[in-house]
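data-v7.cif follows; it contains mmCIF, C-alpha atoms and all ligand atoms.
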data_target
loop_
_atom_site.label_atom_id
_atom_site.label_comp_id
_atom_site.auth_asym_id
_atom_site.auth_seq_id
_atom_site.Cartn_x
_atom_site.Cartn_y
_atom_site.Cartn_z
CA MET J 321 128.73 184.95 121.38
CA LYS J 322 127.80 188.07 123.34
CA LYS J 323 130.44 188.86 125.96
CA SER J 324 129.55 189.91 129.51
CA ARG J 325 131.85 192.39 131.20
CA VAL J 326 133.31 190.75 134.30
CA GLY J 327 135.41 191.77 137.27
CA ILE J 328 137.30 189.72 139.86
CA ILE J 329 138.15 190.79 143.40
CA GLY J 330 140.87 188.73 145.07
CA VAL J 331 143.06 187.86 142.07
CA THR J 332 146.12 187.39 144.28
CA GLY J 333 144.60 184.26 145.85
CA TYR J 334 144.56 180.74 144.45
CA ALA J 335 140.85 180.75 143.63
CA GLY J 336 140.97 184.27 142.13
CA ALA J 337 143.95 183.35 139.95
CA GLU J 338 142.19 180.23 138.71
CA LEU J 339 139.10 182.31 137.90
CA LEU J 340 141.21 184.80 136.00
CA ARG J 341 142.89 182.05 133.98
CA LEU J 342 139.49 180.58 133.03
CA LEU J 343 137.80 183.89 132.26
CA LEU J 344 140.64 185.26 130.11
CA GLU J 345 139.97 182.42 127.66
CA HIS J 346 136.18 182.35 128.08
CA PRO J 347 134.31 183.16 124.83
CA GLY J 348 131.40 184.78 126.70
CA ALA J 349 133.38 186.95 129.10
CA GLU J 350 135.58 190.00 128.85
CA VAL J 351 137.62 190.61 131.98
CA VAL J 352 137.46 194.39 132.37
CA LYS J 353 138.54 194.86 135.99
CA ILE J 354 140.67 192.97 138.50
CA ALA J 355 141.39 193.89 142.10
CA ALA J 356 143.41 192.78 145.11
CA ARG J 357 144.42 194.55 148.28
CA SER J 358 148.15 193.75 148.08
CA ALA J 359 148.57 194.36 144.33
CA GLU J 360 146.83 197.70 143.75
CA GLY J 361 148.38 199.56 140.80
CA ARG J 362 150.40 196.58 139.56
CA PRO J 363 150.06 195.24 135.99
CA LEU J 364 148.74 191.68 135.82
CA GLY J 365 151.87 190.50 133.99
CA GLU J 366 153.95 191.65 136.96
CA ILE J 367 151.80 189.74 139.49
CA TYR J 368 151.62 186.63 137.29
CA PRO J 369 154.26 186.67 134.54
CA GLY J 370 152.48 183.64 133.06
CA LEU J 371 149.44 185.87 132.41
CA ALA J 372 151.41 188.69 130.75
CA GLY J 373 149.97 190.47 127.72
CA THR J 374 146.42 191.26 128.85
CA GLY J 375 146.97 194.96 129.59
CA LEU J 376 145.02 194.55 132.85
CA VAL J 377 146.18 196.50 135.90
CA CYS J 378 145.09 195.58 139.41
CA THR J 379 142.89 198.06 141.24
CA SER J 380 141.62 198.36 144.80
CA PRO J 381 138.78 196.09 145.96
CA SER J 382 137.02 199.29 147.09
CA ASP J 383 136.89 200.78 143.56
CA SER J 384 133.59 201.00 141.71
CA PHE J 385 132.80 197.94 139.60
CA SER J 386 129.64 199.43 138.10
CA GLU J 387 130.92 198.83 134.54
CA CYS J 388 130.82 195.06 135.24
CA ASP J 389 127.78 192.92 134.47
CA PHE J 390 129.21 190.28 136.82
CA VAL J 391 131.73 190.45 139.65
CA PHE J 392 133.40 187.40 141.20
CA THR J 393 134.59 187.77 144.78
CA ALA J 394 137.35 185.33 145.80
CA LEU J 395 137.90 186.56 149.35
CA PRO J 396 137.96 185.04 152.84
CA HIS J 397 134.61 184.61 154.59
CA GLY J 398 133.65 187.77 156.45
CA VAL J 399 135.44 189.93 153.84
CA SER J 400 133.17 189.45 150.80
CA MET J 401 130.21 190.85 152.71
CA GLU J 402 132.13 194.13 153.13
CA TYR J 403 132.24 194.65 149.35
CA ILE J 404 129.12 192.96 147.98
CA PRO J 405 126.56 195.62 149.06
CA ALA J 406 128.40 198.24 146.93
CA LEU J 407 128.68 195.80 144.02
CA ARG J 408 124.93 195.18 144.13
CA ALA J 409 124.19 198.90 144.46
CA GLY J 410 126.31 199.42 141.34
CA GLY J 411 124.11 196.96 139.44
CA SER J 412 126.51 194.00 139.10
CA ARG J 413 125.44 190.41 139.65
CA VAL J 414 127.79 188.72 142.08
CA ILE J 415 129.29 185.24 142.39
CA ASP J 416 130.97 184.86 145.77
CA LEU J 417 133.45 182.01 146.11
CA GLY J 418 133.59 182.40 149.89
CA ALA J 419 131.08 181.36 152.53
CA ASP J 420 129.24 184.64 153.18
CA PHE J 421 126.26 183.96 150.92
CA ARG J 422 125.92 180.18 151.19
CA PHE J 423 123.25 180.31 153.91
CA GLN J 424 120.13 182.44 153.56
CA ASP J 425 119.56 182.42 157.33
CA PRO J 426 121.74 184.99 159.18
CA GLU J 427 121.35 183.06 162.44
CA LEU J 428 122.73 179.92 160.86
CA TYR J 429 125.63 181.95 159.45
CA ALA J 430 126.32 183.43 162.91
CA LYS J 431 126.22 179.98 164.52
CA VAL J 432 128.59 178.38 162.00
CA TYR J 433 130.99 181.30 161.44
CA GLN J 434 130.84 182.72 164.98
CA SER J 435 130.16 186.28 163.84
CA GLN J 436 127.16 188.37 162.83
CA HIS J 437 126.42 188.74 159.12
CA GLN J 438 127.10 192.32 158.02
CA ALA J 439 124.85 192.27 154.93
CA ALA J 440 121.96 190.16 156.17
CA ASP J 441 119.44 192.16 154.11
CA LEU J 442 121.04 190.75 150.93
CA LEU J 443 120.84 187.11 151.96
CA ALA J 444 117.27 186.76 150.71
CA GLU J 445 118.43 187.44 147.14
CA SER J 446 121.25 184.90 147.27
CA VAL J 447 121.16 181.37 145.88
CA TYR J 448 123.35 178.39 146.80
CA GLY J 449 125.26 177.72 143.61
CA LEU J 450 125.40 173.94 143.56
CA VAL J 451 124.31 174.00 139.95
CA GLU J 452 123.23 170.37 139.68
CA PHE J 453 120.45 171.01 142.25
CA TYR J 454 119.71 174.75 141.94
CA ARG J 455 120.08 175.42 138.20
CA ASP J 456 116.69 177.19 137.86
CA GLU J 457 117.27 179.43 140.89
CA VAL J 458 120.81 180.30 139.73
CA ARG J 459 119.56 181.47 136.32
CA GLU J 460 117.89 184.59 137.77
CA ALA J 461 120.05 185.03 140.87
CA ARG J 462 121.56 188.42 141.75
CA ILE J 463 124.01 186.87 144.24
CA VAL J 464 125.31 183.31 144.10
CA GLY J 465 127.00 181.75 147.11
CA ASN J 466 129.36 179.32 145.42
CA PRO J 467 129.51 176.09 147.47
CA GLY J 468 132.46 175.01 149.58
CA CYS J 469 134.90 172.54 148.05
CA TYR J 470 134.25 169.63 150.42
CA PRO J 471 130.45 170.10 150.36
CA THR J 472 130.54 170.03 146.54
CA ALA J 473 132.34 166.67 146.46
CA VAL J 474 130.16 165.25 149.23
CA LEU J 475 126.71 166.54 148.23
CA LEU J 476 127.01 165.42 144.60
CA GLY J 477 127.38 161.85 145.86
CA LEU J 478 125.15 161.92 148.91
CA ARG J 479 122.15 164.09 148.14
CA PRO J 480 120.49 162.01 145.39
CA LEU J 481 120.80 158.85 147.53
CA LEU J 482 119.08 160.57 150.46
CA ALA J 483 116.43 162.05 148.18
CA ALA J 484 115.67 158.60 146.78
CA GLY J 485 115.35 157.27 150.35
CA ILE J 486 117.70 154.34 149.73
CA VAL J 487 120.25 155.07 152.50
CA HIS J 488 119.78 155.82 156.20
CA SER J 489 120.18 159.44 157.26
CA GLU J 490 121.83 158.48 160.59
CA GLY J 491 125.37 157.30 161.19
CA ILE J 492 126.88 158.83 158.05
CA ILE J 493 130.67 159.01 158.13
CA ILE J 494 132.64 161.12 155.64
CA ASP J 495 136.37 160.92 155.43
CA ALA J 496 137.67 163.56 152.99
CA LYS J 497 141.16 164.47 151.78
CA SER J 498 142.23 167.69 150.06
CA GLY J 499 145.34 168.99 148.34
CA VAL J 500 146.97 172.01 150.03
CA SER J 501 145.69 174.64 147.60
CA GLY J 502 142.34 174.16 149.37
CA ALA J 503 143.73 176.14 152.30
CA GLY J 504 144.60 179.20 150.20
CA ARG J 505 147.83 181.01 149.57
CA GLY J 506 148.38 182.58 152.99
CA LEU J 507 151.52 181.69 154.93
CA SER J 508 151.26 179.08 157.64
CA GLN J 509 153.95 176.93 159.24
CA ASP J 510 151.90 173.73 159.08
CA ARG J 511 151.63 174.09 155.30
CA LEU J 512 155.35 174.49 154.60
CA PHE J 513 156.76 171.93 152.15
CA GLY J 514 158.86 170.41 154.93
CA GLU J 515 155.76 169.82 157.06
CA LEU J 516 153.64 168.40 154.24
CA ASN J 517 156.03 166.38 152.13
CA GLU J 518 155.91 162.63 152.90
CA ASN J 519 153.30 163.37 155.55
CA PHE J 520 149.52 163.04 155.86
CA ARG J 521 147.25 164.29 158.63
CA ALA J 522 143.69 164.91 159.69
CA TYR J 523 142.69 168.40 160.82
CA LYS J 524 139.62 169.99 162.45
CA VAL J 525 138.58 166.47 163.33
CA VAL J 526 135.40 167.75 164.98
CA GLY J 527 133.47 170.86 163.99
CA HIS J 528 134.81 171.76 160.53
CA ARG J 529 132.47 174.45 159.17
CA HIS J 530 131.72 172.45 156.06
CA THR J 531 129.90 169.90 158.25
CA ALA J 532 127.07 172.41 158.70
CA GLU J 533 126.96 173.18 154.96
CA ILE J 534 126.79 169.46 154.15
CA SER J 535 123.97 168.90 156.67
CA HIS J 536 122.04 171.98 155.59
CA TYR J 537 122.08 171.15 151.88
CA SER J 538 121.81 167.37 152.16
CA GLY J 539 118.05 167.70 151.74
CA ALA J 540 117.45 165.47 154.78
CA ASP J 541 117.79 165.51 158.56
CA ILE J 542 121.16 163.77 158.68
CA GLN J 543 123.62 162.84 161.41
CA VAL J 544 127.08 163.11 159.95
CA THR J 545 130.69 162.81 161.10
CA PHE J 546 132.95 164.70 158.69
CA THR J 547 136.75 164.52 159.01
CA PRO J 548 139.01 166.42 156.59
CA HIS J 549 142.61 165.46 155.84
CA LEU J 550 145.48 167.29 154.19
CA LEU J 551 147.16 165.53 151.26
CA PRO J 552 150.74 166.38 150.28
CA LEU J 553 149.48 167.36 146.81
CA GLN J 554 148.69 170.71 145.21
CA ARG J 555 145.06 170.07 144.17
CA GLY J 556 142.21 167.60 144.30
CA ILE J 557 139.63 166.31 146.81
CA LEU J 558 138.75 162.68 147.38
CA ALA J 559 135.79 162.11 149.73
CA THR J 560 134.95 158.63 151.00
CA MET J 561 131.44 158.27 152.44
CA TYR J 562 130.21 155.36 154.54
CA LEU J 563 126.44 154.93 154.21
CA THR J 564 123.97 152.22 155.20
CA LEU J 565 121.68 150.87 152.52
CA LYS J 566 118.06 150.34 153.59
CA PRO J 567 116.78 146.74 153.73
CA GLY J 568 115.62 145.26 150.43
CA VAL J 569 117.37 147.86 148.26
CA PRO J 570 119.64 146.25 145.64
CA ALA J 571 123.16 147.73 145.60
CA SER J 572 122.79 148.50 141.88
CA THR J 573 120.18 151.13 142.79
CA VAL J 574 122.96 153.51 143.83
CA PHE J 575 124.20 153.78 140.27
CA GLU J 576 120.65 153.97 138.89
CA VAL J 577 119.79 156.88 141.21
CA TRP J 578 122.92 158.82 140.24
CA ALA J 579 122.42 158.11 136.55
CA GLU J 580 118.89 159.50 136.74
CA ALA J 581 119.98 162.54 138.81
CA TYR J 582 122.84 163.47 136.48
CA HIS J 583 121.67 162.47 133.01
CA GLU J 584 121.67 166.15 131.99
CA ALA J 585 124.69 167.23 134.10
CA PRO J 586 127.74 167.62 131.86
CA PHE J 587 130.26 167.61 134.69
CA VAL J 588 129.09 164.73 136.91
CA HIS J 589 130.03 161.17 135.96
CA PRO J 590 128.58 158.29 137.98
CA HIS J 591 130.18 154.86 137.63
CA PRO J 592 128.71 151.41 138.23
CA ARG J 593 129.54 149.38 141.35
CA GLY J 594 133.23 148.56 141.71
CA VAL J 595 134.65 151.43 139.63
CA ILE J 596 136.42 153.64 142.17
CA PRO J 597 137.41 157.15 140.98
CA GLU J 598 140.91 158.53 141.37
CA LEU J 599 142.13 162.12 141.70
CA ARG J 600 143.94 162.11 138.38
CA TRP J 601 140.59 161.59 136.63
CA VAL J 602 139.50 165.10 137.65
CA VAL J 603 142.54 167.27 138.37
CA ARG J 604 142.43 170.37 136.12
CA SER J 605 138.90 169.54 134.93
CA ASN J 606 135.55 170.83 136.20
CA CYS J 607 134.23 167.30 136.66
CA CYS J 608 133.13 165.16 139.56
CA HIS J 609 133.41 161.38 139.26
CA LEU J 610 131.32 159.18 141.57
CA GLY J 611 131.91 155.52 142.32
CA TYR J 612 130.93 152.99 144.99
CA ASP J 613 131.11 149.47 146.27
CA TYR J 614 128.86 147.51 148.64
CA ASP J 615 129.66 145.37 151.69
CA PRO J 616 126.67 143.01 152.15
CA GLU J 617 127.85 141.88 155.63
CA LEU J 618 127.29 145.39 156.96
CA SER J 619 124.71 146.63 154.40
CA ARG J 620 127.27 149.37 153.84
CA VAL J 621 127.69 151.40 150.69
CA ILE J 622 131.10 153.05 150.38
CA VAL J 623 130.94 156.03 148.01
CA VAL J 624 134.00 157.78 146.59
CA SER J 625 133.69 161.24 145.04
CA VAL J 626 136.55 163.19 143.44
CA ILE J 627 136.81 166.80 142.25
CA ASP J 628 139.49 169.41 141.63
CA ASN J 629 139.07 171.79 144.59
CA LEU J 630 140.09 174.85 142.56
CA LEU J 631 137.78 174.01 139.62
CA LYS J 632 134.54 172.17 140.48
CA GLY J 633 135.27 173.09 144.12
CA ALA J 634 135.74 176.84 143.48
CA ALA J 635 136.56 178.77 140.28
CA GLY J 636 135.19 176.24 137.77
CA GLN J 637 131.89 176.00 139.60
CA GLY J 638 131.84 179.81 139.78
CA VAL J 639 132.18 179.97 135.99
CA GLN J 640 129.51 177.25 135.65
CA ASN J 641 127.19 179.50 137.69
CA PHE J 642 128.17 182.50 135.55
CA ASN J 643 127.36 180.56 132.35
CA ILE J 644 123.87 179.78 133.60
CA MET J 645 123.26 183.34 134.83
CA ALA J 646 124.46 184.74 131.48
CA GLY J 647 122.26 182.34 129.48
CA LEU J 648 125.23 180.44 128.02
CA PRO J 649 125.67 176.68 127.65
CA GLU J 650 126.78 175.35 131.04
CA GLU J 651 130.07 173.93 129.74
CA THR J 652 131.27 177.18 128.08
CA GLY J 653 134.94 177.87 128.78
CA LEU J 654 135.32 174.97 131.20
CA PRO J 655 137.58 171.88 130.96
CA LEU J 656 135.52 168.71 130.60
CA TYR J 657 138.47 166.33 130.83
CA SER J 658 141.54 166.03 133.01
CA PRO J 659 144.75 166.50 131.00
CA VAL J 660 146.33 163.58 132.90
CA VAL J 661 143.38 161.17 132.37
N1 LIG M 701 141.25 177.28 147.60
C1 LIG M 701 140.21 176.51 147.39
O1 LIG M 701 140.34 175.34 146.95
C2 LIG M 701 138.82 177.03 147.64
C3 LIG M 701 137.74 176.18 147.37
C4 LIG M 701 136.43 176.64 147.60
C5 LIG M 701 136.25 177.89 148.11
N2 LIG M 701 137.30 178.69 148.41
C6 LIG M 701 137.03 180.00 148.97
O2 LIG M 701 137.43 181.01 148.07
C7 LIG M 701 137.89 182.16 148.80
C8 LIG M 701 139.31 182.46 148.35
O3 LIG M 701 140.11 181.32 148.64
P1 LIG M 701 141.63 181.20 148.22
O4 LIG M 701 142.01 179.80 148.44
O5 LIG M 701 141.84 181.85 146.92
O6 LIG M 701 142.32 182.11 149.36
P2 LIG M 701 143.74 182.84 149.31
O7 LIG M 701 144.64 182.17 148.35
O8 LIG M 701 144.17 182.97 150.73
O9 LIG M 701 143.37 184.29 148.73
C9 LIG M 701 142.60 185.20 149.49
C10 LIG M 701 142.35 186.47 148.68
O10 LIG M 701 141.60 187.36 149.51
C11 LIG M 701 142.30 188.61 149.61
N3 LIG M 701 142.07 189.17 150.96
C12 LIG M 701 142.35 188.59 152.15
N4 LIG M 701 141.95 189.38 153.15
C13 LIG M 701 141.43 190.50 152.59
C14 LIG M 701 140.85 191.69 153.09
N5 LIG M 701 140.68 191.87 154.41
N6 LIG M 701 140.42 192.62 152.21
C15 LIG M 701 140.56 192.45 150.87
N7 LIG M 701 141.10 191.33 150.33
C16 LIG M 701 141.52 190.38 151.17
C17 LIG M 701 143.73 188.29 149.34
O11 LIG M 701 144.30 189.46 148.84
P3 LIG M 701 145.72 190.05 149.27
O12 LIG M 701 146.57 188.88 149.63
O13 LIG M 701 146.14 190.75 148.01
O14 LIG M 701 145.44 190.95 150.39
C18 LIG M 701 143.62 187.19 148.30
O15 LIG M 701 143.43 187.77 147.01
C19 LIG M 701 137.80 181.77 150.29
O16 LIG M 701 136.61 182.24 150.85
C20 LIG M 701 137.81 180.25 150.26
O17 LIG M 701 137.18 179.68 151.37
C21 LIG M 701 138.58 178.29 148.17
#

What do you get writing this file as structure tokens?
Amino acid sequence: MKKSRVGIIGVTGYAGAELLRLLLEHPGAEVVKIAARSAEGRPLGEIYPGLAGTGLVCTSPSDSFSECDFVFTALPHGVSMEYIPALRAGGSRVIDLGADFRFQDPELYAKVYQSQHQAADLLAESVYGLVEFYRDEVREARIVGNPGCYPTAVLLGLRPLLAAGIVHSEGIIIDAKSGVSGAGRGLSQDRLFGELNENFRAYKVVGHRHTAEISHYSGADIQVTFTPHLLPLQRGILATMYLTLKPGVPASTVFEVWAEAYHEAPFVHPHPRGVIPELRWVVRSNCCHLGYDYDPELSRVIVVSVIDNLLKGAAGQGVQNFNIMAGLPEETGLPLYSPVV
């Protein structure tokens, strides 16, 4: 298998470290350059003793990456856009795990992220990397905006049902829970072990930025309430969605619509009515499992979607995008099954 030369900026973060772990064992990638602001000049084995033996040394995010065919940026939103213009000028194709290239419209970005986009001229060449819906666009993309973790879990369940016209677009409620790695590695008092352990809380109850991403890529004009919660676990997202089935639609149609939408998607597993997915089915895999049940009294479909936030929700999906861009089979180098089943 021909190997692409890849670089990663932001290896000191959770998503960057997960990318590095995947790409070091990827048969179609050779990691030739890694960078992080706080680890410049340090050997990889010193930053992560568990990844000793590669010979890689961390450089500055501002270095040239022109020897890389692909560069992954795993940086906070607002930071990736500082580096990506130089990466593109150097000829690399870019997969950004942050939010800077998820919207093609700079005004929408400014509205959602409350700041002006600093590389708006590059937005036109970016593609939203939710592979299951944008596979053809991703293949030729120069910049991929890898989706947010919550939108990935939500859109994989919701979008086909809206596209098939079997659920109402109004009154959608999404109640989603994430493990703490979803918030990154930065220090914060409310994410200390003592604050999280044996605790469970909602946060950003109104106005979480992923609400806009979910609405924008739902493929319909939806009204949605999205409430995220913090689980006292390291990884995993479980999203519960409350939808109203249209009159005359049999509940079994939900499964049929998903089965049709994902019959060629190696990482998305729909289940028939009554089979409700659990986090342990997906943790440490790149998969999404979808399940549902139906309450006939209320015409309500309750959908449950689970993913690993660091894999299908971040680094794994980034590698899935890379595989498609590099002309490799979509599953290359990615875990198809959870080791805990
Ligand atoms: N964690 C998830 O589950 C997840 C899921 C989907 C998407 N994402 C997105 O992926 C990106 C990375 O997330 P993460 O969870 O890995 O965050 P993280 O653990 O906080 O890591 C952030 C990384 O960005 C670097 N960084 C921060 N500010 C910088 C600056 N001004 N200049 C240069 N580098 C800077 C940090 O480097 P130093 O510490 O070395 O300075 C670190 O390598 C974010 O945009 C996040 O929204 C994360």

Might I get the box with edges along x, y and z of the file that holds all atoms of ligand LIG 701 (chain M) listed there, padded by 6 Å on every side, given as centre and edge lengths in Å to one decimal, as lines of an AutoDock Vina configuration file?
center_x = 141.4
center_y = 184.0
center_z = 150.7
size_x = 22.3
size_y = 29.3
size_z = 19.5

Report task. Using all atoms listed in the file, determine which residues lie at most 7 Å from segment 331-339 of chain J, disregarding the query and same-chain residues fewer than 5 positions distant; provide the list as a PyMOL selection string. Result -> chain J and resi 354-356+394+501+504-505+630+634-635

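Relative to atom CA of Pro471 of chain J, atom CA of Glu515 of chain J is found at 26.2 Å.
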
Query raised in the report: Can I get the residues close to ligand LIG 701 (chain M) as number ranges by chain, where close means within 9 Å and we count only C-alpha atoms and all ligand atoms?
Result: J: 329-338, 355-360, 380-382, 393-400, 402-403, 416-420, 466-470, 472, 498-507, 555-556, 628-635

Query raised in the report: Which of these residues is nearest to Ile404 of chain J, using all atoms listed in the file: J:Leu482, J:Ile328, J:Val624, J:Val351?
Result: J:Ile328

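Between atom CA of Gly611 of chain J and atom CA of Pro597 of chain J the interatomic distance comes to 5.9 Å.
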
Requested in this report: Around the point (131.0, 169.2, 131.0), in the coordinates given by the file, pick out the residues reaching within 10 Å, counting only C-alpha atoms, and return them as a ChimeraX atom specification.
Outcome: /J:584-589,605-608,640,649-657

Dump C-alpha atoms for the selected residues as a PDB file, in the frame of the given file?
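Final output, saved to again_14.pdb:
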ATOM      1  CA  GLU J 584     121.670 166.150 131.990  1.00  0.00           C
ATOM      2  CA  ALA J 585     124.690 167.230 134.100  1.00  0.00           C
ATOM      3  CA  PRO J 586     127.740 167.620 131.860  1.00  0.00           C
ATOM      4  CA  PHE J 587     130.260 167.610 134.690  1.00  0.00           C
ATOM      5  CA  VAL J 588     129.090 164.730 136.910  1.00  0.00           C
ATOM      6  CA  HIS J 589     130.030 161.170 135.960  1.00  0.00           C
ATOM      7  CA  SER J 605     138.900 169.540 134.930  1.00  0.00           C
ATOM      8  CA  ASN J 606     135.550 170.830 136.200  1.00  0.00           C
ATOM      9  CA  CYS J 607     134.230 167.300 136.660  1.00  0.00           C
ATOM     10  CA  CYS J 608     133.130 165.160 139.560  1.00  0.00           C
ATOM     11  CA  GLN J 640     129.510 177.250 135.650  1.00  0.00           C
ATOM     12  CA  PRO J 649     125.670 176.680 127.650  1.00  0.00           C
ATOM     13  CA  GLU J 650     126.780 175.350 131.040  1.00  0.00           C
ATOM     14  CA  GLU J 651     130.070 173.930 129.740  1.00  0.00           C
ATOM     15  CA  THR J 652     131.270 177.180 128.080  1.00  0.00           C
ATOM     16  CA  GLY J 653     134.940 177.870 128.780  1.00  0.00           C
ATOM     17  CA  LEU J 654     135.320 174.970 131.200  1.00  0.00           C
ATOM     18  CA  PRO J 655     137.580 171.880 130.960  1.00  0.00           C
ATOM     19  CA  LEU J 656     135.520 168.710 130.600  1.00  0.00           C
ATOM     20  CA  TYR J 657     138.470 166.330 130.830  1.00  0.00           C
TER      21      TYR J 657
END

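From atom CA of Ile622 of chain J back to atom CA of Thr560 of chain J, the distance works out to 6.8 Å.
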
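Among the candidates J:Gly465, J:Glu576, J:Gly491, J:Glu518, the one nearest to Glu533 of chain J when counting all atoms listed in the file is J:Gly465.
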
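With all atoms listed in the file as the basis for measurement, J:Tyr448 is the residue among J:Tyr368, J:Tyr448, J:Phe421, J:Phe546 that approaches Asn641 of chain J most closely.
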
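Each of J:Ile494, J:Ser386, J:Arg600, J:Val451 was compared to Leu478 of chain J using only C-alpha atoms, and J:Ile494 turns out to be the nearest.
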
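Taking all atoms listed in the file into account, the polymer residues that have an atom no farther than 9 Å from (124.1, 190.4, 132.6) are Ser324, Arg325, Cys388, Asp389, Phe390, Ser412, Arg413, Met645, Ala646 and Gly647 of chain J.
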
Export, as a PDB file, keeping the file's coordinate frame, the selected residues with C-alpha atoms.
ATOM      1  CA  SER J 324     129.550 189.910 129.510  1.00  0.00           C
ATOM      2  CA  ARG J 325     131.850 192.390 131.200  1.00  0.00           C
ATOM      3  CA  CYS J 388     130.820 195.060 135.240  1.00  0.00           C
ATOM      4  CA  ASP J 389     127.780 192.920 134.470  1.00  0.00           C
ATOM      5  CA  PHE J 390     129.210 190.280 136.820  1.00  0.00           C
ATOM      6  CA  SER J 412     126.510 194.000 139.100  1.00  0.00           C
ATOM      7  CA  ARG J 413     125.440 190.410 139.650  1.00  0.00           C
ATOM      8  CA  MET J 645     123.260 183.340 134.830  1.00  0.00           C
ATOM      9  CA  ALA J 646     124.460 184.740 131.480  1.00  0.00           C
ATOM     10  CA  GLY J 647     122.260 182.340 129.480  1.00  0.00           C
TER      11      GLY J 647
END

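Minimum atom-to-atom distances from J:Leu364, J:Gly527, J:Phe642, J:Ala581 to Val377 of chain J were compared using all atoms listed in the file, and the lowest value belongs to J:Leu364.
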
Query raised in the report: Given the choices J:Glu460, J:Asp495, J:Glu580, J:Asp510, which gets closest to Pro548 of chain J if the distance is worked out from only C-alpha atoms?
Result: J:Asp495

Report task. Excluding Val623 of chain J and any residue of its chain fewer than 5 positions from it, enumerate the residues within 8 Å of it, using all atoms listed in the file, and give them as a list in words. Result -> Gly477, Ala559, Thr560, Met561, Tyr562, Leu563, Leu610, Gly611, Tyr612 and Asp613 of chain J

Residues near Ile463 of chain J, anyone? I mean within 7 Å using all atoms listed in the file, not counting same-chain ones fewer than 4 positions away, as a tab-separated table (two decimals) with C-alpha atoms, keeping the file's coordinate frame.
chain	number	residue	atom	x	y	z
J	413	ARG	CA	125.44	190.41	139.65
J	414	VAL	CA	127.79	188.72	142.08
J	415	ILE	CA	129.29	185.24	142.39
J	445	GLU	CA	118.43	187.44	147.14
J	446	SER	CA	121.25	184.90	147.27
J	447	VAL	CA	121.16	181.37	145.88

Quick one: everything within 9 Å of Ala579 of chain J, counting only C-alpha atoms, minus sequence neighbours fewer than 4 positions away in the same chain. Send it as a compact mmCIF listing (two decimals) with C-alpha atoms, in the frame of the given file.
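The new file result_27.txt reads:
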# COMPACT_ATOMS: atom_id res chain seq x y z
CA VAL J 574 122.96 153.51 143.83
CA PHE J 575 124.20 153.78 140.27
CA HIS J 583 121.67 162.47 133.01
CA HIS J 589 130.03 161.17 135.96
CA PRO J 590 128.58 158.29 137.98
CA HIS J 591 130.18 154.86 137.63
